[in-house]
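Student: Have a look at this one before I ask anything.
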Amino acid sequence: METVLRGAAEEVRIGPGLPTVMIGERINPTGRKVFSAELQAGDLSRVPRDAEAQAAAGARVLDVNVGAASVDEVALLPRAVQMVQDVVDLPVCIDSANPEALRAALAVVKGRALVNSVNGERAKLDAVLPVVAEYGAAVIALVMDDNGIPDTPEKRLKVAEAILAAASQHGIAPEDVIFDPLVLAVGADHRAGAVTLETARLIRTELGANMTAGASNASHGMPDRELLNTVFLALLIEAGVNAPICNPLKNGLAVRAVDLMLGLDEWGMGYIQAYRAAQKAATE
Ligand code: THG
C-alpha cells in the first residue's frame, strides 16, 4: 500500500519497493537551546534555513515542531508551516501534541500533509482523528495506548490494529496511517532496539503498513550516538521502516547506501547523487 503526500508542487509516495523517504527532523527545538530561545521570542528566521538545508540534503518531507516551553503553538505552528512552504515544495509533517495547533497548521497547508501524531489512547483518537479526516491528511500512529507502551512486539501490533479500526470509523484509509513502532533508549533497556525491530517486522508482515521511526531516540545517553543512529537506521529500514524521521544532513548518504544495498535504488543513481551533493556541501 502507498501513502501519497503532497507539497505545494511535489508529490511524495511512501511504499514497499520505493526508495526510503527521509522525514527531516531538524525543525524541532528539542535539544537546541538557541532555537528554543528564538521560538520563545517569536523569531522563526531559522525555519526557512533549516528547511532549505534539509531539502538539499535529500529530505522529501519536513517535520515541523515548535514545541518549546511557553510557546503558543496554535499561533506559531501555522506560521512555521507557511515559512517552510515559502521556500520548499515538499510536504510537511506537522508535529505537535496539541490538537488545536495541528488544526491551525492544517488550515494553512498547501497539498496533503502528514500529522504527527495520534496513538491508541482514547482521548488522543477522539481529538486527532476527526481533524485528520476533516483535512484529508495522513497520520502517524504511535503504537501505545492508555496502558502505556507495550513491552512486546505482539502487544504493540494489537495496539496498531485497534488504531486502524478507529481510523476506519473516521473514514481514514489504512494507507493513510503510518505506524511508528516506537524507538526507546537502549541505555535504559538493552532489549529496546530488538523490540522495535521485531515490531516493525510484525507490522509489515501482518498489516502491510508503511512506517516511520525516530531512529536517534535509541542512542540517548550512549557514547558515539552518530554511529548508533546510523546503524539503527539501516536496521529499521531493512525491517520495513520506509519513512524514518532523521537528520538528512548527517544520515542522508547512509540512507541512500541502505537503499542501494536493498535493491531500492535503480542504477545507484540516488546514492551517486547524494554522494555528489555531500562532496559539494563539504567544499562550500
Ligand atoms: N516519532 C515520531 N515523531 C518524533 C519522534 C519519534 N518527533 C520528534 C523526535 N522523535 C524526532 N525528532 C528529533 C529531533 C531532534 C533530535 C532528535 C529527534 C535531536 N536533537 C539534538 C539533541 O537532542 O541532541 C540536538 C539537535 C542539534 O543541535 O543538531 O537529537 O520518535 N513520530
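Convention: chains lettered A, B, ... in C-alpha cells order; per-chain residue numbering from 1; ligands numbered from 1 as shown.
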Please return as a list in words the residues found within 8 Å of ligand 1, counting only C-alpha atoms and all ligand atoms.
Tutor: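 Checking only C-alpha atoms and all ligand atoms against ligand 1 at 8 Å gives Glu25, Arg26, Ile27, Asn28, Pro29, Thr30, Gly31, Arg32, Asp63, Asn65, Asp95, Asn116, Ser117, Ile140, Ala141, Leu142, Asp180, Leu182, Val183, Thr212, Ala213, Gly214, Ala215, Ser216, Asn217, Ile245, Cys246 and Asn247 of chain A.
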Student: Might you pull out every residue within 12 Å of A:Val66, with only C-alpha atoms counted and same-chain residues fewer than 6 positions away left off, and present them as a PyMOL selection string?
Tutor: chain A and resi 25-30+32+35-44+46-47+72-81+94-98+101-102+105
Student: With N, CA and C atoms retained, export the selected residues as a short mmCIF file (atom, residue, chain, number, x, y, z; two decimals), in the first residue's frame.
Tutor:
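Contents of out_27.cif, as written:
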data_model
loop_
_atom_site.label_atom_id
_atom_site.label_comp_id
_atom_site.auth_asym_id
_atom_site.auth_seq_id
_atom_site.Cartn_x
_atom_site.Cartn_y
_atom_site.Cartn_z
N GLU A 25 14.14 15.99 10.45
CA GLU A 25 13.74 16.23 11.85
C GLU A 25 14.21 17.55 12.44
N ARG A 26 14.98 18.35 11.66
CA ARG A 26 15.71 19.47 12.26
C ARG A 26 14.83 20.62 12.77
N ILE A 27 13.65 20.82 12.17
CA ILE A 27 12.83 21.94 12.63
C ILE A 27 12.09 21.50 13.90
N ASN A 28 12.85 21.48 14.99
CA ASN A 28 12.38 20.95 16.27
C ASN A 28 13.33 21.50 17.35
N PRO A 29 12.78 22.18 18.37
CA PRO A 29 13.65 22.80 19.38
C PRO A 29 14.27 21.81 20.38
N THR A 30 13.87 20.53 20.32
CA THR A 30 14.40 19.55 21.28
C THR A 30 15.92 19.52 21.24
N ARG A 32 17.93 21.93 21.32
CA ARG A 32 18.55 23.07 20.63
C ARG A 32 18.22 24.35 21.40
N PHE A 35 17.61 27.69 19.23
CA PHE A 35 16.33 27.65 18.50
C PHE A 35 15.16 27.79 19.48
N SER A 36 15.25 27.15 20.65
CA SER A 36 14.19 27.28 21.66
C SER A 36 14.01 28.73 22.07
N ALA A 37 15.13 29.42 22.32
CA ALA A 37 15.07 30.83 22.74
C ALA A 37 14.48 31.69 21.62
N GLU A 38 14.85 31.41 20.39
CA GLU A 38 14.30 32.15 19.26
C GLU A 38 12.78 31.96 19.17
N LEU A 39 12.33 30.72 19.32
CA LEU A 39 10.88 30.45 19.25
C LEU A 39 10.15 31.17 20.37
N GLN A 40 10.77 31.18 21.57
CA GLN A 40 10.14 31.85 22.70
C GLN A 40 10.02 33.35 22.45
N ALA A 41 10.91 33.89 21.61
CA ALA A 41 10.85 35.32 21.24
C ALA A 41 10.04 35.55 19.97
N GLY A 42 9.42 34.48 19.45
CA GLY A 42 8.61 34.62 18.23
C GLY A 42 9.43 34.76 16.96
N ASP A 43 10.73 34.44 17.05
CA ASP A 43 11.64 34.57 15.90
C ASP A 43 11.73 33.23 15.16
N LEU A 44 11.20 33.20 13.92
CA LEU A 44 11.18 31.96 13.14
C LEU A 44 12.21 31.97 12.01
N ARG A 46 15.10 30.92 11.63
CA ARG A 46 15.89 29.70 11.40
C ARG A 46 15.10 28.65 10.58
N VAL A 47 13.77 28.80 10.60
CA VAL A 47 12.91 27.77 9.97
C VAL A 47 13.18 27.62 8.47
N ASP A 72 3.30 29.52 22.27
CA ASP A 72 1.91 29.37 21.84
C ASP A 72 1.90 28.65 20.49
N GLU A 73 1.79 27.33 20.54
CA GLU A 73 1.89 26.53 19.31
C GLU A 73 0.74 26.81 18.35
N VAL A 74 -0.43 27.15 18.88
CA VAL A 74 -1.58 27.41 17.99
C VAL A 74 -1.27 28.60 17.09
N ALA A 75 -0.53 29.57 17.60
CA ALA A 75 -0.15 30.74 16.80
C ALA A 75 1.10 30.46 15.95
N LEU A 76 2.07 29.77 16.55
CA LEU A 76 3.38 29.65 15.90
C LEU A 76 3.47 28.52 14.87
N LEU A 77 2.79 27.41 15.11
CA LEU A 77 2.92 26.26 14.19
C LEU A 77 2.46 26.61 12.76
N PRO A 78 1.27 27.25 12.60
CA PRO A 78 0.88 27.62 11.22
C PRO A 78 1.86 28.61 10.58
N ARG A 79 2.40 29.52 11.37
CA ARG A 79 3.39 30.47 10.81
C ARG A 79 4.63 29.72 10.32
N ALA A 80 5.09 28.75 11.12
CA ALA A 80 6.28 27.98 10.73
C ALA A 80 6.00 27.17 9.47
N VAL A 81 4.81 26.57 9.38
CA VAL A 81 4.45 25.79 8.19
C VAL A 81 4.46 26.71 6.96
N ILE A 94 3.36 17.66 10.38
CA ILE A 94 3.05 18.61 11.45
C ILE A 94 3.13 17.91 12.79
N ASP A 95 4.10 18.32 13.60
CA ASP A 95 4.47 17.59 14.82
C ASP A 95 4.08 18.38 16.06
N SER A 96 2.96 17.98 16.69
CA SER A 96 2.55 18.65 17.92
C SER A 96 1.66 17.73 18.74
N ALA A 97 1.74 17.88 20.06
CA ALA A 97 0.86 17.12 20.95
C ALA A 97 -0.47 17.86 21.13
N ASN A 98 -0.57 19.08 20.58
CA ASN A 98 -1.75 19.92 20.78
C ASN A 98 -2.68 19.86 19.56
N ALA A 101 -3.33 23.09 17.74
CA ALA A 101 -2.19 23.54 16.92
C ALA A 101 -2.15 22.76 15.61
N LEU A 102 -2.45 21.46 15.67
CA LEU A 102 -2.49 20.65 14.44
C LEU A 102 -3.55 21.20 13.49
N ALA A 105 -2.49 24.50 11.93
CA ALA A 105 -1.44 24.30 10.91
C ALA A 105 -2.03 23.68 9.64
#
Student: Report the distance between atom CA of A:Leu233 and atom CA of A:Ala218 in Å, rounded to one decimal place.
Tutor: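 Spanning atom CA of A:Leu233 to atom CA of A:Ala218 is a straight-line distance of 10.0 Å.
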Student: For A:Asn119, find every residue with an atom within 10 Å (counting only C-alpha atoms), except residues of its own chain fewer than 2 positions away, and show them as a ChimeraX atom specification.
Tutor: /A:116-117,121-125,128-129,139-146,159-160,162-163,179-180
Student: Those selected residues, please, written with C-alpha atoms and delivered as a CSV table (one decimal), in the first residue's frame.
Tutor:
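Below is the file selection-v1.csv, written as the result:
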chain,number,residue,atom,x,y,z
A,116,ASN,CA,2.5,13.7,13.8
A,117,SER,CA,0.8,12.0,15.7
A,121,GLU,CA,-5.2,6.5,23.8
A,122,ARG,CA,-9.0,7.0,23.7
A,123,ALA,CA,-8.6,10.8,24.2
A,124,LYS,CA,-6.0,11.1,21.5
A,125,LEU,CA,-8.0,9.1,19.0
A,128,VAL,CA,-6.9,13.9,16.5
A,129,LEU,CA,-8.7,11.5,14.0
A,139,VAL,CA,-1.4,10.4,10.1
A,140,ILE,CA,1.5,8.9,12.1
A,141,ALA,CA,0.2,6.4,14.7
A,142,LEU,CA,2.4,5.6,17.7
A,143,VAL,CA,1.8,2.0,18.9
A,144,MET,CA,1.0,2.9,22.6
A,145,ASP,CA,-2.4,3.4,24.4
A,146,ASP,CA,-3.9,4.1,27.7
A,159,VAL,CA,-2.5,-1.5,19.5
A,160,ALA,CA,-1.8,-0.9,15.8
A,162,ALA,CA,-7.0,-1.0,17.3
A,163,ILE,CA,-5.8,2.3,15.8
A,179,PHE,CA,2.9,3.4,12.1
A,180,ASP,CA,5.7,4.3,14.5
Student: According to DSSP computed on the backbone, where in stretch 16-250 of chain A is there strand (DSSP E or B)? Give the residues as a count of residues only.
Tutor: 35
Student: Looking at A:Val177, A:Val87, A:Ala59, A:Ala167, which one is nearest to A:Val4, with distances taken over only C-alpha atoms?
Tutor: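 Smallest distance to A:Val4 is found for A:Val177.
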Student: Name all residues at most 12 Å from A:Glu238 (count only C-alpha atoms; drop same-chain ones fewer than 5 positions away) and give them as a ChimeraX atom specification.
Tutor: /A:16-17,19-20,197-198,200-201,204,211,231-233,243-244,255,257-264
Student: Using only C-alpha atoms, which protein or nucleic acid residues come within 10 Å of stretch 52-56 of chain A? Drop anything in the same chain fewer than 6 positions from it, and give the result as a list in words.
Tutor: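 The residues that qualify are Met22, Ile23, Gly24, Glu25, Arg26, Ile27, Leu62, Val84, Val87, Val88, Asp89, Leu90, Asn247, Pro248, Leu249, Lys250, Gly252, Ala274, Ala277, Ala278 and Ala281 of chain A.
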Student: Can you list, as a count of residues only, every residue of stretch 54-121 of chain A that DSSP puts in alpha helix (DSSP H)?
Tutor: 26
Student: Between atom CA of A:Arg256 and atom CA of A:Leu5, what distance in Å does the model show, to one decimal?
Tutor: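 Taking atom CA of A:Arg256 and atom CA of A:Leu5, their separation equals 20.5 Å.
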Student: Any idea what the distance is between atom CA of A:Tyr135 and atom CA of A:Ala69?
Tutor: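 We find that atom CA of A:Tyr135 and atom CA of A:Ala69 lie 27.7 Å from each other.
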Student: If you count only C-alpha atoms, which residues fall within 10 Å of A:Gly111, apart from same-chain ones fewer than 6 positions away, as a PyMOL selection string?
Tutor: chain A and resi 5-11+89-92+136-137
